[in-house]
Every structure is written in C-alpha cells, then in structure tokens.
Number of protein chains: 2
Amino acid sequence: MDDFETKLAELAVRVGLNLKEGQEIFLTAHVDHLPLVRAIAKAAYRAGASGVFPVFSDDELSLARLRYGNEAALNHAPRWFFDAVARAFDEGAARLAITGTDPGLFGEIPPEKVGKHMQATREAYRPMLERISEFRINWTIVGYPAQGWAKAVFPDLPEDEALEALKTAIAKATRLNETDPVAAWRRRADELTARARYLSEQNFDALHFRGPGTDLVVGLAEGHLWQGGWGQAKNGVKCLPNIPTEEVFTMPHRDRVDGVVRATMPFSLNGVLVKGLTVRFRDGVAVEVQAEEGQKAVEALLSADEGAKRLGEVALVPADSGVRQAGVLFLNTLFDENAASHIAFGQAYAENLKDADALTPEARAQKGMNQSQVHQDWMIGSEAMDVDGVRQDGTRVPLMRRGQWVFEVA
Amino acid sequence: MDDFETKLAELAVRVGLNLKEGQEIFLTAHVDHLPLVRAIAKAAYRAGASGVFPVFSDDELSLARLRYGNEAALNHAPRWFFDAVARAFDEGAARLAITGTDPGLFGEIPPEKVGKHMQATREAYRPMLERISEFRINWTIVGYPAQGWAKAVFPDLPEDEALEALKTAIAKATRLNETDPVAAWRRRADELTARARYLSEQNFDALHFRGPGTDLVVGLAEGHLWQGGWGQAKNGVKCLPNIPTEEVFTMPHRDRVDGVVRATMPFSLNGVLVKGLTVRFRDGVAVEVQAEEGQKAVEALLSADEGAKRLGEVALVPADSGVRQAGVLFLNTLFDENAASHIAFGQAYAENLKDADALTPEARAQKGMNQSQVHQDWMIGSEAMDVDGVRQDGTRVPLMRRGQWVFEVA
C-alpha cells in the first residue's frame with residue numbers, strides 16, 4: 001500500500017482528468033488529504049500541468065463558522081472566489097475534487113444554521129457548478145480518507161487502524177491492485193460508454209423499479225441520453241468524472257415520476273446522516289417524505305427551491321460492482337452511488353439531453369429537464385431490485401434482475 | 001504555552017486587523033500553521049467576521065512545480081485568483097498573513113527557475129499588492145512556526161524541541177507573556193505612532209547611518225511621512241500591520257541614496273538565504289552588490305525591474321526591541337526587521353507620502369517615490385549604529401546612538 005497515493009494520483013490525472021498539456025488544475029481537498037494532493041501535484045506537473053491550485057477545507061474551520069458565527073457569517077459565501085474559479089475554467093483550467101470527509105460533521109449543529117449557510121454557498125457557487133454540470137471543462141472526483149470519515153465508517157477501530165482499513169476499502173473499490181490500473185480503468189470506461197450508447201438507442205419512455213418497499217416508475221425526458229464512463233467535455237477533453245465509476249445514468253422527466261421508493265443505503269446530506277428514507281412521488285414531485293434519521297435535513301434540502309423536490313438523475317449500477325465487492329458502507333456518495341442503482345433530487349445534467357446547447361431553458365424544461373441549486377444522490381438499488389425499460393407502446397424490456405444486468409454490450 | 005495560539009489569534013484579530021464587524025478575512029498560511037488558523041477562525045467569528053477564507057501553502061507542493069514543472073508551469077501564476085482577492089478587498093475583506101516557513105526551501109533549485117516563477121507570480125499578484133501597499137484595507141502579519149522554519153533556526157535540536165524553542169522565541173518577541181497582550185500592544189502602537197508623528201514634524205532632508213562597514217546617506221522623499229504603530233487604512237479601519245512591530249519607517253528619495261551599507265543580519269530572499277550583503281549606492285541606485293551567500297538571488301531581485309535597484313523604505317528600530325531581546329536570528333523578515341533598523345529595495349508605500357492619493361504616478365516619482373514589483377527588507381542596524389537626521393541647511397540632529405533612541409516622545 002506504499003504506493004496508494006502514487007497510483008491514485010496517476011489515475012486521477014491520466015484517466016480522471018485525462019489532463020491536457022498546459023492545463024491548470026483547480027483542486028479542492030480536506031487538510032487530511034495532503035498526502036494525495038502532493039502525489040497529484042507531482043503527477044500533474046510531470047504530465048505537463050501549468051499549475052495546481054489547491055483549496056483545503058478543515059473540520060474545525062467549517063465548524064467555527066457554524067458555532068461562533070453570527071447571522072451575517074451564516075448568510076455569507078465568498079462569491080468573489082467562486083466567480084474566479086468560473087473564470088479559471090473559462091481560461092482553460094480543469095477541476096479535480098478529492099472527496100472523503102466526516103459524513104456527520106454537522107450532526108450537532110442546528111439544521112436551520114447548516115441549511116442557511118448551505119443555501120448562501122449554493123447561490124454563490126452557481127457559476128462554478130454550471131460549468132461543471134454542463135461539462136464545459138474536464139473534471140474528476142477521487143476519494144481519500146480523512147480522519148473523521150474513517151472514524152464514521154469504522155467506529156469500533158482505533159484511529160490508525162480505521163484509516164488503514166478505509167484505505168484498503170478504497171483501494172479495492174477503486175481496483176488499485178490490478179496490474180495496470182490506468183489501462184484497466186480506460187477499458188472499463190469504454191465498456192460503460194458502450195452500455196450507455198445501447199440504452200440511448202432503446203429510447204425508453206420510462207424505467208420501472210420493483211423491490212422491497214419500492215414500486216417506482218421514472219419517466220424519462222424526451223430526447224434523453226444515457227451517459228456512463230467517459231464524459232466528452234466542451235473544452236475538447238474526454239475525461240472520467242468519477243473514479244471509481246460503475247454507473248450509467250440518464251435524465252428523468254421532471255413531471256413523470258410516480259410511485260414509492262425506499263433508500264437501500266444511508267447517505268450523508270450536508271454533513272447529516274440520512275437513514276431509512278422513503279419517498280412517494282406524484283407527477284414528478286416528492287409529496288411524502290419519511291426518514292428514520294435526518295428527516296429535517298431532507299426537508300431542508302427539498303425546500304431549497306422548486307426543483308429540489310423533483311429528480312435530476314436516474315442511474316443503474318449492477319450489484320456486483322467493484323464498490324459493492326469492497327463490502328463497506330462508505331457513507332460517501334462517490335463510493336456508495338457506485339455500489340447501487342440510484343436517483344438524485346435536483347439539478348439535471350445537460351449532457352443527458354440531446355442537443356441541450358441549442359435549447360432555451362424553457363425548451364429544456366418542456367422536454368422534462370429539472371433545474372435546481374441542489375443535486376443529491378441516494379441509493380435505491382440492491383440484489384433484490386428488478387428494473388424494466390418501458391417503451392412508448394407499453395412493452396417492457398428487462399434490464400436488471402436481482403440487481404444484475406440481463407444484457408451484454410460489445 | 002497552552003494558550004499560545006489563542007493569545008496570538010486574539011492579537012491578530014483584535015489588534016492586528018482590529019476587525020470590523022461583518023468583515024471577511026482573506027488569510028494565507030502554511031499547512032503547518034493550521035493550529036493558529038483554527039484559533040484565528042474562532043476569534044474572528046466571535047468578533048463578528050462574516051467569513052474566514054484561508055489559502056494554504058505546502059513545501060512539497062511548492063517544490064513539485066519547480067522540480068517537475070515545465071517551462072509553462074514556471075511562467076504560470078493564477079492571475080484569476082489574485083484578481084479575485086483584489087475584488088474581495090474592494091468588497092470589504094481584510095487581509096491576514098501568517099508568516100513562518102523554511103527560509104531555505106528553494107536552496108537546491110536552480111535560481112533561474114525560482115526567479116522565473118517569482119517573476120510570473122509578482123506580475124499576477126500586482127492588483128492584490130497594490131491594495132495592500134496603498135493601505136486600501138486593514139491588514140496584518142503574524143508569525144507561527146512551520147517545521148522547516150524551526151529546523152532552519154535551530155538546526156541542532158530534534159524536530160519537536162526546535163518547534164517548541166521557536167514558539168518560545170515568538171512568544172518572547174511578540175510579548176505574549178504580558179498580563180494583557182492586547183492592551184499592551186495597543187499602548188505600544190500608540191507610542192510608535194507618536195514617535196512617527198514627531199519625526200514627520202522634523203521634516204528631515206536625509207538620514208545618515210554610520211557603523212562598521214556602513215556610511216550611508218538616505219535622502220528622504222519630498223513630503224515624506226513617517227509611519228509606525230497604527231496604520232490608517234482607507235476603508236476606515238486603524239490596524240497594526242505587523243505583530244510584532246518595533247519600527248518607525250518612511251520613504252527614501254529614489255534618486256538620493258549615496259554611500260555604502262553592510263547588512264547586519266542574514267535574510268531570506270524567495271527561499272534563498274542571503275548572508276554578508278554589502279551594497280554601494282550612487283544617486284539612489286545600487287551600483288555594486290556583494291554577498292557572501294545568495295549573490296545570484298540578490299542579482300535576480302535587482303533585475304526584476306528598474307525600481308528593484310532603488311530603495312522604497314527606510315526604518316529605524318532600537319537595539320533593545322522585544323525581538324532583539326528574544327536573542328534569536330529568526331531568518332524571517334517580520335521578526336528580524338523588528339530587531340534592527342533596515343532598508344528595503346523596491347516598492348515604496350504611498351502612506352509614506354503626503355497627499356499621495358491626489359498625485360499622479362509621475363508626480364509621485366517626482367517627489368522621490370519608488371515603484372517596483374518587489375519589496376525586500378534587509379537589516380542594517382545594530383548596537384554599533386549611529387543615525388543622524390540631516391536638515392535642509394545641513395545641521396544634524398542625533399536620532400540614535402549605539403542603536404538606541406536619543407529622544408523621548410510624550
């Protein structure tokens with residue numbers, strides 16, 4: 001495991017970003033991620049990066065604002081900074097995010113305070129998010145342990161052992177132990193891209209999910225495209241936005257989601273752990289929401305704006321994915337969403353809509369594309385889930401049985 | 001020493017910045033400074049800050065660019081970021097810098113590479129520097145140990161002991177052990193401000209430094225003002241820009257510096273240690289430069305631009321200052337410049353010129369103000385230095401004898 005950081009850094013730079021000579025990298029990380037940031041800088045400069053600009057978060061700094069900050073502090077976000085990152089993207093920079101922090105960091109902070117600051121941040125962050133969600137630049141996310149994350153995943157282990165156990169799980173989920181991880185991830189990305197192309201060609205009207213506690217029909221947007229594996233950024237670079245990634249995903253229709261769905265795994269929502277979530281949808285809108293834990297955080301999320309109550313993504317992941325094989329509940333979306341099929345409240349990705357660039361916001365909405373300041377994934381797949389594709393004429397095509405793909409692609 | 005970080009943070013926020021309710025703080029620090037950054041965030045939010053935005057540097061990240069970066073990486077600086085900080089200042093943010101890193105970090109990197117990257121950074125950094133040097137906002141600098149700094153100051157101690165010894169020296173230099181450091185620093189700032197006012201009233205034509213290896217006449221700019229202690233920022237806040245500070249300083253005339261001067265302490269220049277510097281000035285310009293160590297770094301500095309060869313600051317510090325009493329060569333300008341009288345190559349401070357705001361750049365230069373992308377202090381004072389003020393009519397007023405002030409202020 002000595003070369004964990006080196007291997008992961010190579011993957012992030014050479015496959016995830018697929019860095020173009022001369023590009024700058026804008027990087028966000030937790031202070032505990034410093035060993036990986038250093039390895040990434042080394043790999044990036046060797047690959048011809050013109051710069052690596054890191055911004056670090058820290059648990060105590062984040063908590064200080066929420067604990068000691070006044071109303072102005074809760075409502076403030078550094079707009080000058082997010083605007084500047086948007087400019088950096090427009091000038092050619094790529095985006096690398098390292099995820100992996102304490103999923104329950106804000107658990108003891110009143111949710112109204114957390115919600116207020118998140119709202120301020122989301123608004124300021126929009127110019128940056130738009131460029132990412134519209135794929136104007138190449139970007140990627142990789143995972144690395146922070147102390148608080150390791151403790152949440154392995155609460156019964158001593159600190160050092162928890163960190164090592166989480167590194168081992170990440171190595172497994174990210175398939176770092178293969179002989180040539182860079183080549184293997186390039187092949188896997190090709191395969192996911194082929195599966196997405198096949199599903200796009202099917203042009204299903206809806207997906208039907210059936211499993212314990214779930215009977216949900218997710219209508220698909222008119223002109224939806226499936227994506228998976230490589231992402232073609234508008235700056236000309238083909239990148240792999242998540243490492244690991246095991247999903248193919250597309251755009252739900254904002255008004256055509258109906259039925260009930262039960263989360264199959266807990267997830268972290270702005271630092272609050274949500275467990276046992278069940279949601280009933282009618283005409284695309286979440287009309288009933290019940291969680292065993294984190295109910296208020298979910299309600300705060302859904303009240304962020306009109307689009308927060310609707311879906312912006314639906315994704316299929318087989319139950320034998322590398323992440324699932326790691327056998328760990330990561331309490332982190334990058335990993336857990338690649339352990340199971342999932343859906344997301346909020347903003348849809350323009351890349352999931354045919355010719356989106358040529359459409360006005362109104363025309364996009366007409367086709368079913370959702371708009372929101374939020375995007376929150378949660379897992380609904382399992383070894384007990386069946387998924388059908390439903391055609392316009394009502395005929396059904398089995399896609400998954402007991403959580404596994406039932407068709408092969410070339 | 002348990003409350004070292006807490007006391008220093010209180011000083012930085014309540015005296016150094018004298019933070020105004022609702023101000024954001026833009027903060028730069030080394031990753032080793034995290035404990036102080038955390039204490040500052042706590043103190044800042046308690047004092048009503050709207051935000052604390054930290055950017056961290058790291059030795060390995062800085063070295064990665066210089067070791068593995070190509071020509072484009074050496075010539076690149078994140079202009080988008082410096083412009084954004086300038087905007088943050090214009091929108092009300094204050095500036096807090098934590099100094100204290102390895103003074104010889106770039107010692108093994110070819111100086112041409114270091115110089116190239118520094119030049120690119122200086123150019124991009126200009127919008128930010130202008131706002132600081134023109135005092136448009138309240139700002140301050142405090143010191144905290146990083147591992148590399150402690151090792152440079154105490155090379156013979158084990159790592160942990162070196163860190164502790166440096167903390168002890170900083171506590172002494174910063175007079176943290178006084179009963180009420182905040183009140184004591186406010187009094188000291190008042191006293192320095194009074195001394196500066198007295199010297200401004202004298203309106204000397206020049207200063208004459210005499211000591212071992214030094215016989216230097218520093219002509220003063222027409223309409224020069226002495227500053228010291230409190231700085232009156234244009235955003236309405238009275239701040240203390242350096243903690244510790246023991247200096248009063250004013251503006252040399254860019255064309256009227258003549259004679260020879262020998263540095264009395266080594267100093268760190270962009271990561272290279274400079275020892276035994278002797279410089280001969282003629283008509284304001286450094287015409288001969290000789291250093292026992294770091295000669296190339298000095299030459300690179302002086303060739304940055306036309307103003308780099310001229311002086312932008314002259315400062316008087318008594319030989320019994322708190323920093324001098326700490327009895328340590330800090331190898332860091334914030335501390336060492338407050339241990340001895342000093343001069344600086346490069347950019348002058350507009351606050352040292354009467355009615356500077358009403359003057360065009362040409363009119364400022366006419367009065368003797370120097371312009372440059374660099375500002376580099378170096379120490380010339382000692383217990384063996386005499387300083388006279390020289391009036392227009394040639395009469396001389398003793399200011400310092402054997403490094404001590406020879407006049408009192410109310």
# chains A, B, ... in the order shown; residues from 1 in each chain; ligands from 1
$ interface_residues --of "chain B" --to "chain A" --cutoff "9 Å" --atoms "only C-alpha atoms" --output "ChimeraX atom specification"
/B:22,24,31,34,37-39,41-58,60-61,64-65,67-81,83-85,87-88,91
$ select_by_dssp --residues "range 129-286 of chain B" --states "helix (DSSP H, G or I)" --output "VMD selection string"
chain B and resid 129 to 133 147 to 153 159 to 173 181 to 202
$ residues_around --residues "range 250-263 of chain B" --least-positions-apart "4" --cutoff "6 Å" --atoms "only C-alpha atoms" --output "ChimeraX atom specification"
/B:213-221,224-226,277-284,310,313-314,352,368-370,379-380
$ residues_around --residues "range 292-294 of chain B" --least-positions-apart "5" --cutoff "9 Å" --atoms "only C-alpha atoms" --output "list in words"
Leu269, Val272, Leu273, Val274, Lys275, Gly276, Leu277, Thr278 and Glu299 of chain B
$ residues_around --residues "Pro244 in chain A" --least-positions-apart "4" --cutoff "9 Å" --atoms "only C-alpha atoms" --output "mmCIF file with C-alpha atoms, in the first residue's frame"
data_model
loop_
_atom_site.group_PDB
_atom_site.id
_atom_site.type_symbol
_atom_site.label_atom_id
_atom_site.label_comp_id
_atom_site.auth_asym_id
_atom_site.auth_seq_id
_atom_site.Cartn_x
_atom_site.Cartn_y
_atom_site.Cartn_z
ATOM 1 C CA ILE A 141 -13.590 13.224 -8.326
ATOM 2 C CA VAL A 142 -11.495 10.710 -6.396
ATOM 3 C CA GLY A 143 -11.698 9.619 -2.762
ATOM 4 C CA ILE A 170 -10.841 2.476 -1.280
ATOM 5 C CA ALA A 173 -13.383 -0.165 -4.675
ATOM 6 C CA THR A 174 -11.033 1.750 -6.984
ATOM 7 C CA ARG A 175 -9.415 -1.522 -8.164
ATOM 8 C CA TRP A 185 -9.901 1.990 -15.976
ATOM 9 C CA GLY A 322 -16.192 -3.135 -7.517
ATOM 10 C CA VAL A 323 -17.506 -0.846 -4.814
ATOM 11 C CA LEU A 334 -18.852 8.806 -4.779
ATOM 12 C CA PHE A 335 -18.481 5.281 -3.472
ATOM 13 C CA ASN A 338 -21.389 3.187 -7.393
#
$ residues_around --residues "Leu17 in chain A" --least-positions-apart "4" --cutoff "9 Å" --atoms "only C-alpha atoms" --output "ChimeraX atom specification"
/A:11-13,94-96,138-141,237-241
$ select_by_dssp --residues "range 66-255 of chain A" --states "strand (DSSP E or B)" --output "count of residues only"
40
$ residues_around --residues "Met385 in chain B" --least-positions-apart "6" --cutoff "8 Å" --atoms "only C-alpha atoms" --output "PDB file with N, CA, C and O atoms, in the first residue's frame"
ATOM      1  N   PHE B 209      23.479  57.177   8.227  1.00  0.00           N
ATOM      2  CA  PHE B 209      23.799  55.972   9.011  1.00  0.00           C
ATOM      3  C   PHE B 209      25.310  55.790   9.040  1.00  0.00           C
ATOM      4  O   PHE B 209      25.952  55.777   7.988  1.00  0.00           O
ATOM      5  N   ARG B 210      25.861  55.606  10.247  1.00  0.00           N
ATOM      6  CA  ARG B 210      27.285  55.308  10.379  1.00  0.00           C
ATOM      7  C   ARG B 210      27.495  54.152  11.330  1.00  0.00           C
ATOM      8  O   ARG B 210      26.983  54.152  12.445  1.00  0.00           O
ATOM      9  N   GLY B 211      28.235  53.139  10.882  1.00  0.00           N
ATOM     10  CA  GLY B 211      28.563  51.979  11.720  1.00  0.00           C
ATOM     11  C   GLY B 211      29.613  51.171  10.999  1.00  0.00           C
ATOM     12  O   GLY B 211      30.083  51.572   9.921  1.00  0.00           O
ATOM     13  N   PRO B 212      29.995  50.016  11.531  1.00  0.00           N
ATOM     14  CA  PRO B 212      31.039  49.198  10.905  1.00  0.00           C
ATOM     15  C   PRO B 212      30.635  48.801   9.477  1.00  0.00           C
ATOM     16  O   PRO B 212      29.607  48.152   9.290  1.00  0.00           O
ATOM     17  N   MET B 400      19.772  58.320  16.837  1.00  0.00           N
ATOM     18  CA  MET B 400      20.178  57.096  17.536  1.00  0.00           C
ATOM     19  C   MET B 400      21.667  57.144  17.795  1.00  0.00           C
ATOM     20  O   MET B 400      22.429  57.609  16.955  1.00  0.00           O
ATOM     21  N   ARG B 401      22.045  56.658  18.984  1.00  0.00           N
ATOM     22  CA  ARG B 401      23.462  56.465  19.296  1.00  0.00           C
ATOM     23  C   ARG B 401      23.617  55.046  19.805  1.00  0.00           C
ATOM     24  O   ARG B 401      22.865  54.614  20.683  1.00  0.00           O
ATOM     25  N   ARG B 402      24.564  54.327  19.210  1.00  0.00           N
ATOM     26  CA  ARG B 402      24.783  52.906  19.559  1.00  0.00           C
ATOM     27  C   ARG B 402      23.461  52.141  19.524  1.00  0.00           C
ATOM     28  O   ARG B 402      23.132  51.357  20.405  1.00  0.00           O
ATOM     29  N   GLY B 403      22.672  52.438  18.525  1.00  0.00           N
ATOM     30  CA  GLY B 403      21.455  51.672  18.272  1.00  0.00           C
ATOM     31  C   GLY B 403      20.257  52.054  19.123  1.00  0.00           C
ATOM     32  O   GLY B 403      19.187  51.456  18.969  1.00  0.00           O
TER      33      GLY B 403
END
$ atom_distance --atom1 "CA of Ala315 in chain B" --atom2 "CA of Leu166 in chain B"
25.3 Å
$ closest_residue --among "A:Ala171, A:Leu311, A:Leu207, A:Met265" --to "Ala291 in chain A" --atoms "only C-alpha atoms"
A:Met265
$ atom_distance --atom1 "CA of Ser133 in chain A" --atom2 "CA of Tyr349 in chain A"
5.6 Å
